[in-house]
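Engineer: Got data39.cif for you, mmCIF, C-alpha atoms (C1' of nucleotides):
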data_query
loop_
_atom_site.label_atom_id
_atom_site.label_comp_id
_atom_site.auth_asym_id
_atom_site.auth_seq_id
_atom_site.Cartn_x
_atom_site.Cartn_y
_atom_site.Cartn_z
CA MET S 5 -14.71 9.85 29.83
CA GLU S 6 -11.78 11.44 28.05
CA SER S 7 -11.67 10.85 24.33
CA ASP S 8 -15.45 11.03 24.00
CA VAL S 9 -15.99 8.65 21.14
CA SER S 10 -19.71 9.22 21.37
CA ALA S 11 -21.49 12.03 19.53
CA ASN S 12 -23.22 11.50 16.25
CA SER S 13 -21.43 10.61 13.08
CA ARG S 14 -24.77 10.41 11.31
CA LEU S 15 -24.41 13.83 9.73
CA THR S 16 -20.89 12.98 8.61
CA ILE S 17 -21.98 9.69 7.04
CA ALA S 18 -25.00 11.25 5.37
CA ALA S 19 -22.95 14.07 3.87
CA HIS S 20 -20.33 11.56 2.77
CA ALA S 21 -22.92 9.37 1.06
CA LEU S 22 -24.64 12.19 -0.80
CA THR S 23 -21.35 13.74 -1.87
CA TRP S 24 -20.18 10.38 -3.14
CA ILE S 25 -23.36 9.90 -5.17
CA GLY S 26 -23.01 13.41 -6.55
CA LEU S 27 -19.45 12.87 -7.70
CA TYR S 28 -20.28 9.45 -9.11
CA GLN S 29 -23.18 10.85 -11.10
CA ARG S 30 -21.04 13.72 -12.29
CA ARG S 31 -18.68 11.13 -13.70
CA GLY S 32 -21.44 9.76 -15.88
CA HIS S 33 -23.04 7.01 -13.82
CA GLU S 34 -26.79 6.86 -13.33
CA VAL S 35 -26.99 5.32 -9.89
CA ALA S 36 -24.74 4.34 -7.02
CA THR S 37 -25.25 1.20 -4.97
CA SER S 38 -25.22 1.13 -1.19
CA GLU S 39 -22.39 -1.38 -1.53
CA GLN S 40 -20.19 1.11 -3.36
CA ILE S 41 -20.98 3.92 -0.95
CA ALA S 42 -20.39 1.65 2.04
CA THR S 43 -16.95 0.79 0.69
CA SER S 44 -16.00 4.46 0.59
CA VAL S 45 -17.50 5.16 4.02
CA ASN S 46 -16.07 1.93 5.42
CA THR S 47 -19.25 0.62 6.97
CA ASN S 48 -22.05 -1.82 6.27
CA PRO S 49 -24.34 -1.28 3.24
CA VAL S 50 -27.40 -1.52 5.48
CA VAL S 51 -26.22 1.48 7.43
CA ILE S 52 -26.08 3.41 4.18
CA ARG S 53 -29.49 2.23 3.02
CA ARG S 54 -31.07 3.18 6.34
CA LEU S 55 -29.59 6.64 6.24
CA LEU S 56 -30.39 7.21 2.56
CA GLY S 57 -33.92 6.05 3.29
CA GLU S 58 -34.32 8.93 5.72
CA LEU S 59 -32.77 11.33 3.26
CA ARG S 60 -35.19 10.15 0.61
CA LYS S 61 -38.14 11.09 2.83
CA ALA S 62 -36.76 14.62 2.82
CA GLY S 63 -36.35 14.60 -0.95
CA LEU S 64 -32.56 14.68 -0.80
CA ALA S 65 -32.06 11.24 -2.30
CA ASP S 66 -33.96 8.83 -4.48
CA SER S 67 -33.66 5.16 -5.30
CA ARG S 68 -34.51 2.65 -7.97
CA ARG S 69 -35.22 -1.02 -7.37
CA GLY S 70 -34.91 -4.18 -9.42
CA VAL S 71 -32.08 -4.75 -11.86
CA GLY S 72 -29.92 -1.66 -12.28
CA ALA S 73 -31.07 -0.53 -8.86
CA GLY S 74 -29.26 2.06 -6.81
CA TRP S 75 -29.31 5.57 -5.43
CA MET S 76 -29.29 9.00 -6.97
CA LEU S 77 -29.52 12.55 -5.72
CA GLY S 78 -32.93 14.06 -5.06
CA ARG S 79 -31.58 17.40 -6.22
CA ASP S 80 -28.28 18.96 -7.15
CA LEU S 81 -25.46 19.10 -4.61
CA ALA S 82 -25.53 22.90 -4.80
CA ALA S 83 -29.16 22.85 -3.69
CA ILE S 84 -28.53 20.76 -0.56
CA THR S 85 -27.19 22.44 2.56
CA LEU S 86 -25.86 20.62 5.60
CA LEU S 87 -28.91 21.98 7.41
CA ASP S 88 -31.13 20.10 4.98
CA VAL S 89 -29.20 16.93 5.73
CA TYR S 90 -29.22 17.61 9.47
CA GLN S 91 -32.96 18.14 9.56
CA ALA S 92 -33.56 15.00 7.56
CA ILE S 93 -31.75 12.80 10.06
CA GLU S 94 -31.53 14.62 13.41
CA PRO S 95 -34.94 15.61 14.67
CA GLY S 96 -33.85 15.73 18.31
CA PRO S 97 -32.49 18.74 20.15
CA VAL S 98 -28.86 19.09 21.20
CA PHE S 99 -29.78 19.89 24.80
CA ALA S 100 -32.61 18.48 26.86
CA LEU S 101 -34.52 19.80 29.82
CA HIS S 102 -34.89 17.74 32.98
CA ARG S 103 -35.67 14.06 32.57
CA ALA S 104 -38.08 14.20 35.49
CA THR S 105 -39.99 17.45 35.98
CA PRO S 106 -38.34 19.49 38.72
CA ASN S 107 -40.13 20.48 41.91
CA PRO S 108 -42.84 22.96 40.85
CA GLU S 109 -43.18 24.28 44.42
CA CYS S 110 -39.62 25.61 44.24
CA VAL S 111 -39.20 28.95 42.51
CA VAL S 112 -36.19 27.70 40.61
CA GLY S 113 -37.74 24.34 39.86
CA HIS S 114 -40.78 26.11 38.51
CA GLY S 115 -39.12 28.70 36.33
CA ILE S 116 -35.89 27.09 35.15
CA GLY S 117 -37.50 25.09 32.35
CA PRO S 118 -38.83 28.01 30.30
CA ALA S 119 -35.67 30.02 31.00
CA MET S 120 -33.37 27.33 29.66
CA SER S 121 -35.71 26.54 26.77
CA ALA S 122 -35.37 30.07 25.50
CA VAL S 123 -31.60 29.78 25.53
CA TYR S 124 -31.65 26.38 23.87
CA ASP S 125 -33.89 27.68 21.12
CA ASP S 126 -31.36 30.40 20.38
CA VAL S 127 -28.52 27.89 20.41
CA GLU S 128 -30.31 25.57 18.01
CA ALA S 129 -31.08 28.52 15.75
CA ALA S 130 -27.41 29.50 15.68
CA LEU S 131 -26.44 25.91 14.95
CA ARG S 132 -28.89 25.74 12.06
CA ARG S 133 -27.74 29.08 10.70
CA GLU S 134 -24.21 27.77 10.65
CA LEU S 135 -25.11 24.47 8.97
CA ALA S 136 -27.13 26.35 6.36
CA LYS S 137 -24.01 28.19 5.22
CA THR S 138 -22.46 25.11 3.64
CA THR S 139 -23.83 23.22 0.65
CA LEU S 140 -22.73 19.76 -0.42
CA GLU S 141 -21.28 21.47 -3.49
CA ASP S 142 -18.99 23.36 -1.11
CA VAL S 143 -18.09 20.10 0.59
CA LEU S 144 -17.29 18.42 -2.75
CA ARG S 145 -15.16 21.39 -3.78
CA ASP S 146 -13.16 21.16 -0.54
CA VAL S 147 -12.81 17.42 -0.98
CA LEU S 148 -11.50 17.75 -4.54
CA GLN S 149 -9.13 20.55 -3.57
CA ALA S 150 -7.67 18.44 -0.80
CA ALA S 151 -6.78 15.71 -3.29
CA MET O 18 -37.27 7.18 17.71
CA GLU O 19 -39.92 9.86 17.90
CA SER O 20 -39.95 11.81 21.16
CA ASP O 21 -36.18 11.77 21.43
CA VAL O 22 -35.82 11.55 25.18
CA SER O 23 -32.06 11.37 24.79
CA ALA O 24 -29.84 14.46 24.54
CA ASN O 25 -28.06 15.88 27.49
CA SER O 26 -29.85 17.34 30.44
CA ARG O 27 -26.49 17.82 32.14
CA LEU O 28 -26.28 21.49 31.23
CA THR O 29 -29.84 22.02 32.44
CA ILE O 30 -29.18 20.28 35.75
CA ALA O 31 -25.89 22.12 36.30
CA ALA O 32 -27.46 25.51 35.61
CA HIS O 33 -30.37 24.60 37.87
CA ALA O 34 -28.07 23.61 40.72
CA LEU O 35 -25.88 26.70 40.53
CA THR O 36 -28.86 29.01 40.23
CA TRP O 37 -30.46 27.35 43.23
CA ILE O 38 -27.31 27.80 45.31
CA GLY O 39 -27.09 31.42 44.21
CA LEU O 40 -30.64 32.20 45.24
CA TYR O 41 -30.26 30.31 48.51
CA GLN O 42 -27.12 32.21 49.39
CA ARG O 43 -28.77 35.47 48.42
CA ARG O 44 -31.44 34.68 50.97
CA GLY O 45 -28.82 34.58 53.70
CA HIS O 46 -27.70 30.94 53.86
CA GLU O 47 -24.05 30.02 53.78
CA VAL O 48 -24.17 26.66 52.05
CA ALA O 49 -26.66 24.44 50.27
CA THR O 50 -26.69 20.66 50.60
CA SER O 51 -26.87 18.28 47.67
CA GLU O 52 -30.01 16.92 49.33
CA GLN O 53 -31.77 20.28 49.10
CA ILE O 54 -30.68 20.86 45.53
CA ALA O 55 -31.70 17.35 44.53
CA THR O 56 -35.18 18.00 45.92
CA SER O 57 -35.58 21.02 43.69
CA VAL O 58 -34.14 19.25 40.65
CA ASN O 59 -36.06 16.07 41.45
CA THR O 60 -33.18 13.66 41.23
CA ASN O 61 -30.72 11.82 43.44
CA PRO O 62 -28.27 13.77 45.61
CA VAL O 63 -25.36 11.79 44.19
CA VAL O 64 -26.17 13.06 40.71
CA ILE O 65 -25.91 16.60 42.08
CA ARG O 66 -22.68 15.94 43.94
CA ARG O 67 -21.06 14.42 40.85
CA LEU O 68 -22.05 17.36 38.69
CA LEU O 69 -21.04 19.97 41.27
CA GLY O 70 -17.74 18.15 41.63
CA GLU O 71 -17.03 18.82 37.96
CA LEU O 72 -18.11 22.41 38.34
CA ARG O 73 -15.78 22.81 41.28
CA LYS O 74 -12.83 21.77 39.13
CA ALA O 75 -13.68 24.70 36.88
CA GLY O 76 -13.95 27.06 39.83
CA LEU O 77 -17.69 27.56 39.45
CA ALA O 78 -18.61 25.89 42.73
CA ASP O 79 -17.00 25.09 46.02
CA SER O 80 -17.80 22.79 48.92
CA ARG O 81 -17.20 22.39 52.63
CA ARG O 82 -17.04 19.08 54.46
CA GLY O 83 -17.75 17.94 57.99
CA VAL O 84 -20.59 19.32 60.08
CA GLY O 85 -22.23 22.28 58.40
CA ALA O 86 -21.04 20.91 55.07
CA GLY O 87 -22.55 21.93 51.76
CA TRP O 88 -22.03 23.79 48.52
CA MET O 89 -21.50 27.41 47.62
CA LEU O 90 -20.80 29.37 44.46
CA GLY O 91 -17.25 29.66 43.21
CA ARG O 92 -18.04 33.15 41.98
CA ASP O 93 -21.06 35.37 41.55
CA LEU O 94 -23.93 34.31 39.31
CA ALA O 95 -23.31 37.34 37.13
CA ALA O 96 -19.76 36.12 36.48
CA ILE O 97 -20.81 32.67 35.28
CA THR O 98 -22.01 32.21 31.70
CA LEU O 99 -23.71 29.12 30.36
CA LEU O 100 -20.58 28.62 28.27
CA ASP O 101 -18.56 28.36 31.48
CA VAL O 102 -20.95 25.71 32.73
CA TYR O 103 -20.98 23.93 29.38
CA GLN O 104 -17.21 23.77 29.18
CA ALA O 105 -16.99 22.49 32.72
CA ILE O 106 -19.21 19.50 32.01
CA GLU O 107 -19.28 18.84 28.25
CA PRO O 108 -15.82 18.35 26.81
CA GLY O 109 -17.04 16.33 23.83
CA PRO O 110 -18.06 17.69 20.44
CA VAL O 111 -21.64 17.79 19.21
CA PHE O 112 -20.81 16.07 15.93
CA ALA O 113 -18.30 13.31 15.30
CA LEU O 114 -16.41 12.23 12.23
CA HIS O 115 -16.49 8.63 11.01
CA ARG O 116 -16.17 5.93 13.65
CA ALA O 117 -13.96 3.87 11.33
CA THR O 118 -11.68 5.80 9.02
CA PRO O 119 -13.21 5.94 5.54
CA ASN O 120 -11.47 4.49 2.50
CA PRO O 121 -8.38 6.68 1.89
CA GLU O 122 -8.10 5.46 -1.69
CA CYS O 123 -11.42 7.09 -2.51
CA VAL O 124 -11.28 10.81 -3.23
CA VAL O 125 -14.31 11.46 -1.08
CA GLY O 126 -13.19 9.09 1.65
CA HIS O 127 -9.87 10.86 1.73
CA GLY O 128 -11.04 14.45 1.80
CA ILE O 129 -14.37 14.37 3.59
CA GLY O 130 -12.89 14.36 7.09
CA PRO O 131 -11.07 17.68 6.96
CA ALA O 132 -13.95 19.25 5.04
CA MET O 133 -16.50 18.33 7.68
CA SER O 134 -14.15 19.16 10.52
CA ALA O 135 -13.91 22.74 9.32
CA VAL O 136 -17.69 23.03 9.32
CA TYR O 137 -18.03 21.41 12.73
CA ASP O 138 -15.49 23.80 14.19
CA ASP O 139 -17.57 26.71 12.98
CA VAL O 140 -20.73 25.16 14.39
CA GLU O 141 -19.16 24.61 17.81
CA ALA O 142 -17.87 28.17 17.77
CA ALA O 143 -21.35 29.49 17.04
CA LEU O 144 -22.79 27.33 19.79
CA ARG O 145 -20.26 28.63 22.28
CA ARG O 146 -20.85 32.21 21.22
CA GLU O 147 -24.53 31.74 21.89
CA LEU O 148 -24.05 30.11 25.29
CA ALA O 149 -21.66 32.89 26.30
CA LYS O 150 -24.44 35.44 25.89
CA THR O 151 -26.36 34.27 28.95
CA THR O 152 -25.15 34.45 32.54
CA LEU O 153 -26.70 32.60 35.45
CA GLU O 154 -27.77 36.00 36.73
CA ASP O 155 -29.85 36.31 33.56
CA VAL O 156 -31.28 32.87 34.20
CA LEU O 157 -32.18 33.74 37.78
CA ARG O 158 -33.82 36.96 36.65
CA ASP O 159 -35.96 35.06 34.13
CA VAL O 160 -36.82 32.48 36.77
CA LEU O 161 -37.94 35.10 39.28
CA GLN O 162 -39.92 37.01 36.65
CA ALA O 163 -41.77 33.86 35.70
CA ALA O 164 -42.93 33.42 39.30
"C1'" DC G 18 -12.75 12.15 71.55
"C1'" DC G 19 -16.88 10.96 69.86
"C1'" DT G 20 -21.16 11.94 67.61
"C1'" DT G 21 -23.35 13.75 63.67
"C1'" DG G 22 -24.37 15.18 59.14
"C1'" DA G 23 -22.71 15.97 55.06
"C1'" DT G 24 -19.30 15.30 51.16
"C1'" DG G 25 -16.46 12.14 48.02
"C1'" DT G 26 -16.60 8.31 45.27
"C1'" DA G 27 -16.91 3.52 43.73
"C1'" DA G 28 -19.97 0.08 41.98
"C1'" DT G 29 -23.97 -1.45 39.85
"C1'" DC G 30 -28.19 -1.32 37.06
"C1'" DA G 31 -31.76 0.32 33.77
"C1'" DT G 32 -32.56 2.75 29.78
"C1'" DT G 33 -31.56 4.57 25.41
"C1'" DG G 34 -29.13 5.65 20.98
"C1'" DT G 35 -25.86 4.32 17.54
"C1'" DT G 36 -23.69 1.19 14.76
"C1'" DG G 37 -22.79 -3.26 12.72
"C1'" DT G 38 -24.57 -7.56 11.05
"C1'" DT G 39 -27.47 -11.36 9.28
"C1'" DA G 40 -31.44 -12.66 6.99
"C1'" DC G 41 -34.90 -12.45 3.81
"C1'" DA G 42 -38.90 -10.64 1.16
"C1'" DT G 43 -39.52 -7.49 -2.71
"C1'" DT G 44 -38.72 -5.37 -6.94
"C1'" DT G 45 -37.71 -5.02 -12.00
"C1'" DA G 46 -34.73 -5.02 -16.31
"C1'" DC G 47 -33.26 -8.43 -19.23
"C1'" DG R 29 -37.39 -16.94 -14.67
"C1'" DT R 30 -32.93 -14.99 -13.14
"C1'" DA R 31 -30.04 -11.74 -11.21
"C1'" DA R 32 -28.90 -7.83 -8.51
"C1'" DA R 33 -30.16 -4.59 -5.80
"C1'" DT R 34 -33.37 -2.25 -2.41
"C1'" DG R 35 -36.39 -2.35 1.87
"C1'" DT R 36 -36.67 -3.87 6.51
"C1'" DA R 37 -36.87 -6.55 10.55
"C1'" DA R 38 -34.26 -8.46 14.16
"C1'" DC R 39 -30.56 -8.71 17.11
"C1'" DA R 40 -25.98 -7.99 19.25
"C1'" DA R 41 -22.29 -4.84 20.83
"C1'" DC R 42 -21.11 -0.75 22.86
"C1'" DA R 43 -21.27 3.68 25.10
"C1'" DA R 44 -23.50 7.56 27.68
"C1'" DT R 45 -26.73 9.08 30.99
"C1'" DG R 46 -28.97 8.83 35.05
"C1'" DA R 47 -30.61 6.52 39.47
"C1'" DT R 48 -29.32 4.13 43.35
"C1'" DT R 49 -26.81 1.83 47.17
"C1'" DA R 50 -23.01 1.69 50.02
"C1'" DC R 51 -19.46 3.32 52.58
"C1'" DA R 52 -15.14 5.87 53.73
"C1'" DT R 53 -13.92 10.53 55.02
"C1'" DC R 54 -14.15 14.87 57.03
"C1'" DA R 55 -14.84 18.61 60.64
"C1'" DA R 56 -17.72 21.35 63.93
"C1'" DG R 57 -19.55 21.02 68.40
"C1'" DG R 58 -20.57 18.94 72.48
#
Would you mind writing the file out in structure tokens?
Structural biologist:
Amino acid sequence: MESDVSANSRLTIAAHALTWIGLYQRRGHEVATSEQIATSVNTNPVVIRRLLGELRKAGLADSRRGVGAGWMLGRDLAAITLLDVYQAIEPGPVFALHRATPNPECVVGHGIGPAMSAVYDDVEAALRRELAKTTLEDVLRDVLQAA
Amino acid sequence: MESDVSANSRLTIAAHALTWIGLYQRRGHEVATSEQIATSVNTNPVVIRRLLGELRKAGLADSRRGVGAGWMLGRDLAAITLLDVYQAIEPGPVFALHRATPNPECVVGHGIGPAMSAVYDDVEAALRRELAKTTLEDVLRDVLQAA
DNA sequence: CCTTGATGTAATCATTGTTGTTACATTTAC
DNA sequence: GTAAATGTAACAACAATGATTACATCAAGG
């Protein structure tokens, strides 16, 4: 209940994977394997493949099969914002309304849903605005500067 | 994987409970019972008591025991923002870094943490700014207008 | 001082999401 | 064909949320 180890690391992993591919390609390689990426992320290659599969659906990544198989960027790092990545992998809202519909005969129970929905929409919009400010090119720049 | 029934309804329930108490008190009652609130929210009274217990720690609610027991507001609805409620019940971050520390020998693995942390801090700040804009008085007004 | 009605809180369970893992069919350059 | 990787299904481990039961505790009022 304290340290809160929950929360999603999906966005972190996805950004990590794409940034890694971008740097690897920039160094002259055609494709990166899920094995290589998983080694940098420190997780299982299947986790990477699953995530990159979702990113591919959004056009952010692409893959080749057969011999010489691997992953490449769907478009340049500078053309991918964290919002793009977020939307590709996190369709769900941050906040939810009631699990069971509240009592509609109560004034509060009846009106609280729409009231909170309006707020949540604004919150999600602010969150997206903020994520849209950073591209993976920015992330790579920060990463290289830290080294 | 589609409808995403997850996400937290804790903020929704907490706002609902406090708003209900506020309206009930405004109508001349001293205290509200977790039973009454649970009926409006459509959940179990214990869920309400647990949540109000956390809100009490933050000074947003208060309770009386014994005969005539129940809950009351810690301060006026107009003096409680959704950020206050959020902070009272949601200490954890929206996004998390890697579960296992990434490979420190890899440039990306080494630098990605701080880079993403900076972004996440900005996102949380934006989220808080947005939640701070709405008071429970605003919520109650919207609720009553919807009726 | 005892009854009553509510809080305070522990314990348990069901459900769900995330992550890690194994296994294996599929693909394609050589 | 062979080799090396993707594409996926299946399953286990773990944590968070929420629902529920149970019961000790408290305090006003008779």
Engineer: Written as a PyMOL selection string, what is the full residue list that the PyMOL selection byres ((chain G) within 8 of (chain O)) yields on the file shown?
Structural biologist: chain G and resi 21-24+33-34
Engineer: So that I can see what lies close to Thr43 (chain S), please list as a list of chain:residue names the residues with an atom at most 12 Å from it, counting only C-alpha atoms (C1' of nucleotides) and leaving out residues fewer than 3 positions away in the same chain.
Structural biologist: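 So, after excluding close chain neighbours, the residues are S:His20, S:Ala21, S:Trp24, S:Ala36, S:Thr37, S:Ser38, S:Glu39, S:Gln40, S:Asn46, S:Thr47, S:Asn48, S:Pro49, S:Val50, S:Val51, S:Ile52, O:Ala117, O:Thr118, O:Pro119, O:Asn120, O:Pro121, O:Glu122, O:Cys123, O:Val125, O:Gly126.
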Engineer: Starting from chain O, keep only residues with some atom at most 6 Å from an atom of chain S, counting all atoms listed in the file, and report them as a list of chain:residue names.
Structural biologist: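 Listed by rising number, the hits are O:Asp21, O:Ala24, O:Asn25, O:Ser26, O:Thr29, O:Ser57, O:Val58, O:Asn59, O:Gly109, O:Val111, O:Phe112, O:Ala113, O:Leu114, O:His115, O:Pro119, O:Asn120, O:Gly126, O:Gly128, O:Ile129, O:Ala132, O:Val140, O:Leu144, O:Glu147, O:Asp159, O:Val160, O:Ala163.
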Engineer: Output the selection as a compact mmCIF listing (two decimals), keeping the file's coordinate frame - C-alpha atoms for each residue.
Structural biologist:
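The result, written out as selection-v9.txt:
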# COMPACT_ATOMS: atom_id res chain seq x y z
CA ASP O 21 -36.18 11.77 21.43
CA ALA O 24 -29.84 14.46 24.54
CA ASN O 25 -28.06 15.88 27.49
CA SER O 26 -29.85 17.34 30.44
CA THR O 29 -29.84 22.02 32.44
CA SER O 57 -35.58 21.02 43.69
CA VAL O 58 -34.14 19.25 40.65
CA ASN O 59 -36.06 16.07 41.45
CA GLY O 109 -17.04 16.33 23.83
CA VAL O 111 -21.64 17.79 19.21
CA PHE O 112 -20.81 16.07 15.93
CA ALA O 113 -18.30 13.31 15.30
CA LEU O 114 -16.41 12.23 12.23
CA HIS O 115 -16.49 8.63 11.01
CA PRO O 119 -13.21 5.94 5.54
CA ASN O 120 -11.47 4.49 2.50
CA GLY O 126 -13.19 9.09 1.65
CA GLY O 128 -11.04 14.45 1.80
CA ILE O 129 -14.37 14.37 3.59
CA ALA O 132 -13.95 19.25 5.04
CA VAL O 140 -20.73 25.16 14.39
CA LEU O 144 -22.79 27.33 19.79
CA GLU O 147 -24.53 31.74 21.89
CA ASP O 159 -35.96 35.06 34.13
CA VAL O 160 -36.82 32.48 36.77
CA ALA O 163 -41.77 33.86 35.70
Engineer: Determine which residues of chain R sit within 10 Å of chain S, taking into account all atoms listed in the file, and present them as a ChimeraX atom specification.
Structural biologist: /R:31-36,43-44,46
Engineer: Provide the CA of Arg60 (chain S) to C1' of DT44 (chain G) distance in Å, to one decimal place.
Structural biologist: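 Straight-line distance from CA of Arg60 (chain S) to C1' of DT44 (chain G) works out to 17.6 Å.
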Engineer: Under the PyMOL selection byres ((chain G and resi 18) around 12), which residues of this model are included? Write them out as a VMD selection string.
Structural biologist: (chain G and resid 19 to 20) or (chain R and resid 57 to 58)
Engineer: I want to know what sits within 9 Å of Leu72 (chain O), based on all atoms listed in the file, with residues of the same chain fewer than 3 positions away left out; could you give that as a list in words?
Structural biologist: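 Skipping anything fewer than 3 positions along the chain leaves Ala31, Arg67, Leu68, Leu69, Ala75, Gly76, Leu77, Ala78, Asp79, Gly91, Val102, Ala105 and Ile106 of chain O.
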Engineer: Convert the current residue selection to file output with C-alpha atoms, as a tab-separated table (two decimals), in the coordinates of the input.
Structural biologist:
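again15.tsv written:
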chain	number	residue	atom	x	y	z
O	31	ALA	CA	-25.89	22.12	36.30
O	67	ARG	CA	-21.06	14.42	40.85
O	68	LEU	CA	-22.05	17.36	38.69
O	69	LEU	CA	-21.04	19.97	41.27
O	75	ALA	CA	-13.68	24.70	36.88
O	76	GLY	CA	-13.95	27.06	39.83
O	77	LEU	CA	-17.69	27.56	39.45
O	78	ALA	CA	-18.61	25.89	42.73
O	79	ASP	CA	-17.00	25.09	46.02
O	91	GLY	CA	-17.25	29.66	43.21
O	102	VAL	CA	-20.95	25.71	32.73
O	105	ALA	CA	-16.99	22.49	32.72
O	106	ILE	CA	-19.21	19.50	32.01
Engineer: Got a minute to add N, CA and C atoms to region 141-163 of chain O and dump it as an mmCIF file, in the coordinates of the input?
Structural biologist:
data_model
loop_
_atom_site.group_PDB
_atom_site.id
_atom_site.type_symbol
_atom_site.label_atom_id
_atom_site.label_comp_id
_atom_site.auth_asym_id
_atom_site.auth_seq_id
_atom_site.Cartn_x
_atom_site.Cartn_y
_atom_site.Cartn_z
ATOM 1 N N GLU O 141 -19.447 24.589 16.361
ATOM 2 C CA GLU O 141 -19.160 24.610 17.810
ATOM 3 C C GLU O 141 -18.878 26.038 18.252
ATOM 4 N N ALA O 142 -18.169 26.785 17.415
ATOM 5 C CA ALA O 142 -17.870 28.170 17.770
ATOM 6 C C ALA O 142 -19.156 28.978 17.908
ATOM 7 N N ALA O 143 -20.080 28.765 16.988
ATOM 8 C CA ALA O 143 -21.350 29.490 17.040
ATOM 9 C C ALA O 143 -22.136 29.098 18.287
ATOM 10 N N LEU O 144 -22.100 27.820 18.602
ATOM 11 C CA LEU O 144 -22.790 27.330 19.790
ATOM 12 C C LEU O 144 -22.217 27.965 21.049
ATOM 13 N N ARG O 145 -20.896 28.031 21.114
ATOM 14 C CA ARG O 145 -20.260 28.630 22.280
ATOM 15 C C ARG O 145 -20.566 30.118 22.370
ATOM 16 N N ARG O 146 -20.528 30.781 21.225
ATOM 17 C CA ARG O 146 -20.850 32.210 21.220
ATOM 18 C C ARG O 146 -22.244 32.445 21.800
ATOM 19 N N GLU O 147 -23.152 31.576 21.432
ATOM 20 C CA GLU O 147 -24.530 31.740 21.890
ATOM 21 C C GLU O 147 -24.652 31.477 23.389
ATOM 22 N N LEU O 148 -23.988 30.439 23.857
ATOM 23 C CA LEU O 148 -24.050 30.110 25.290
ATOM 24 C C LEU O 148 -23.383 31.190 26.127
ATOM 25 N N ALA O 149 -22.391 31.859 25.555
ATOM 26 C CA ALA O 149 -21.660 32.890 26.300
ATOM 27 C C ALA O 149 -22.508 34.130 26.533
ATOM 28 N N LYS O 150 -23.598 34.243 25.779
ATOM 29 C CA LYS O 150 -24.440 35.440 25.890
ATOM 30 C C LYS O 150 -25.244 35.487 27.178
ATOM 31 N N THR O 151 -25.469 34.332 27.782
ATOM 32 C CA THR O 151 -26.360 34.270 28.950
ATOM 33 C C THR O 151 -25.587 33.932 30.213
ATOM 34 N N THR O 152 -25.756 34.754 31.248
ATOM 35 C CA THR O 152 -25.150 34.450 32.540
ATOM 36 C C THR O 152 -26.207 33.796 33.428
ATOM 37 N N LEU O 153 -25.750 33.204 34.513
ATOM 38 C CA LEU O 153 -26.700 32.600 35.450
ATOM 39 C C LEU O 153 -27.520 33.671 36.152
ATOM 40 N N GLU O 154 -26.986 34.884 36.191
ATOM 41 C CA GLU O 154 -27.770 36.000 36.730
ATOM 42 C C GLU O 154 -28.965 36.256 35.815
ATOM 43 N N ASP O 155 -28.746 36.181 34.509
ATOM 44 C CA ASP O 155 -29.850 36.310 33.560
ATOM 45 C C ASP O 155 -30.885 35.215 33.784
ATOM 46 N N VAL O 156 -30.373 33.998 33.987
ATOM 47 C CA VAL O 156 -31.280 32.870 34.200
ATOM 48 C C VAL O 156 -32.110 33.093 35.460
ATOM 49 N N LEU O 157 -31.453 33.514 36.537
ATOM 50 C CA LEU O 157 -32.180 33.740 37.780
ATOM 51 C C LEU O 157 -33.229 34.834 37.618
ATOM 52 N N ARG O 158 -32.860 35.872 36.887
ATOM 53 C CA ARG O 158 -33.820 36.960 36.650
ATOM 54 C C ARG O 158 -35.060 36.424 35.919
ATOM 55 N N ASP O 159 -34.835 35.648 34.870
ATOM 56 C CA ASP O 159 -35.960 35.060 34.130
ATOM 57 C C ASP O 159 -36.800 34.168 35.031
ATOM 58 N N VAL O 160 -36.119 33.394 35.869
ATOM 59 C CA VAL O 160 -36.820 32.480 36.770
ATOM 60 C C VAL O 160 -37.715 33.254 37.734
ATOM 61 N N LEU O 161 -37.180 34.323 38.301
ATOM 62 C CA LEU O 161 -37.940 35.100 39.280
ATOM 63 C C LEU O 161 -39.076 35.869 38.606
ATOM 64 N N GLN O 162 -38.856 36.297 37.371
ATOM 65 C CA GLN O 162 -39.920 37.010 36.650
ATOM 66 C C GLN O 162 -41.065 36.075 36.306
ATOM 67 N N ALA O 163 -40.732 34.825 36.072
ATOM 68 C CA ALA O 163 -41.770 33.860 35.700
ATOM 69 C C ALA O 163 -42.673 33.540 36.886
#
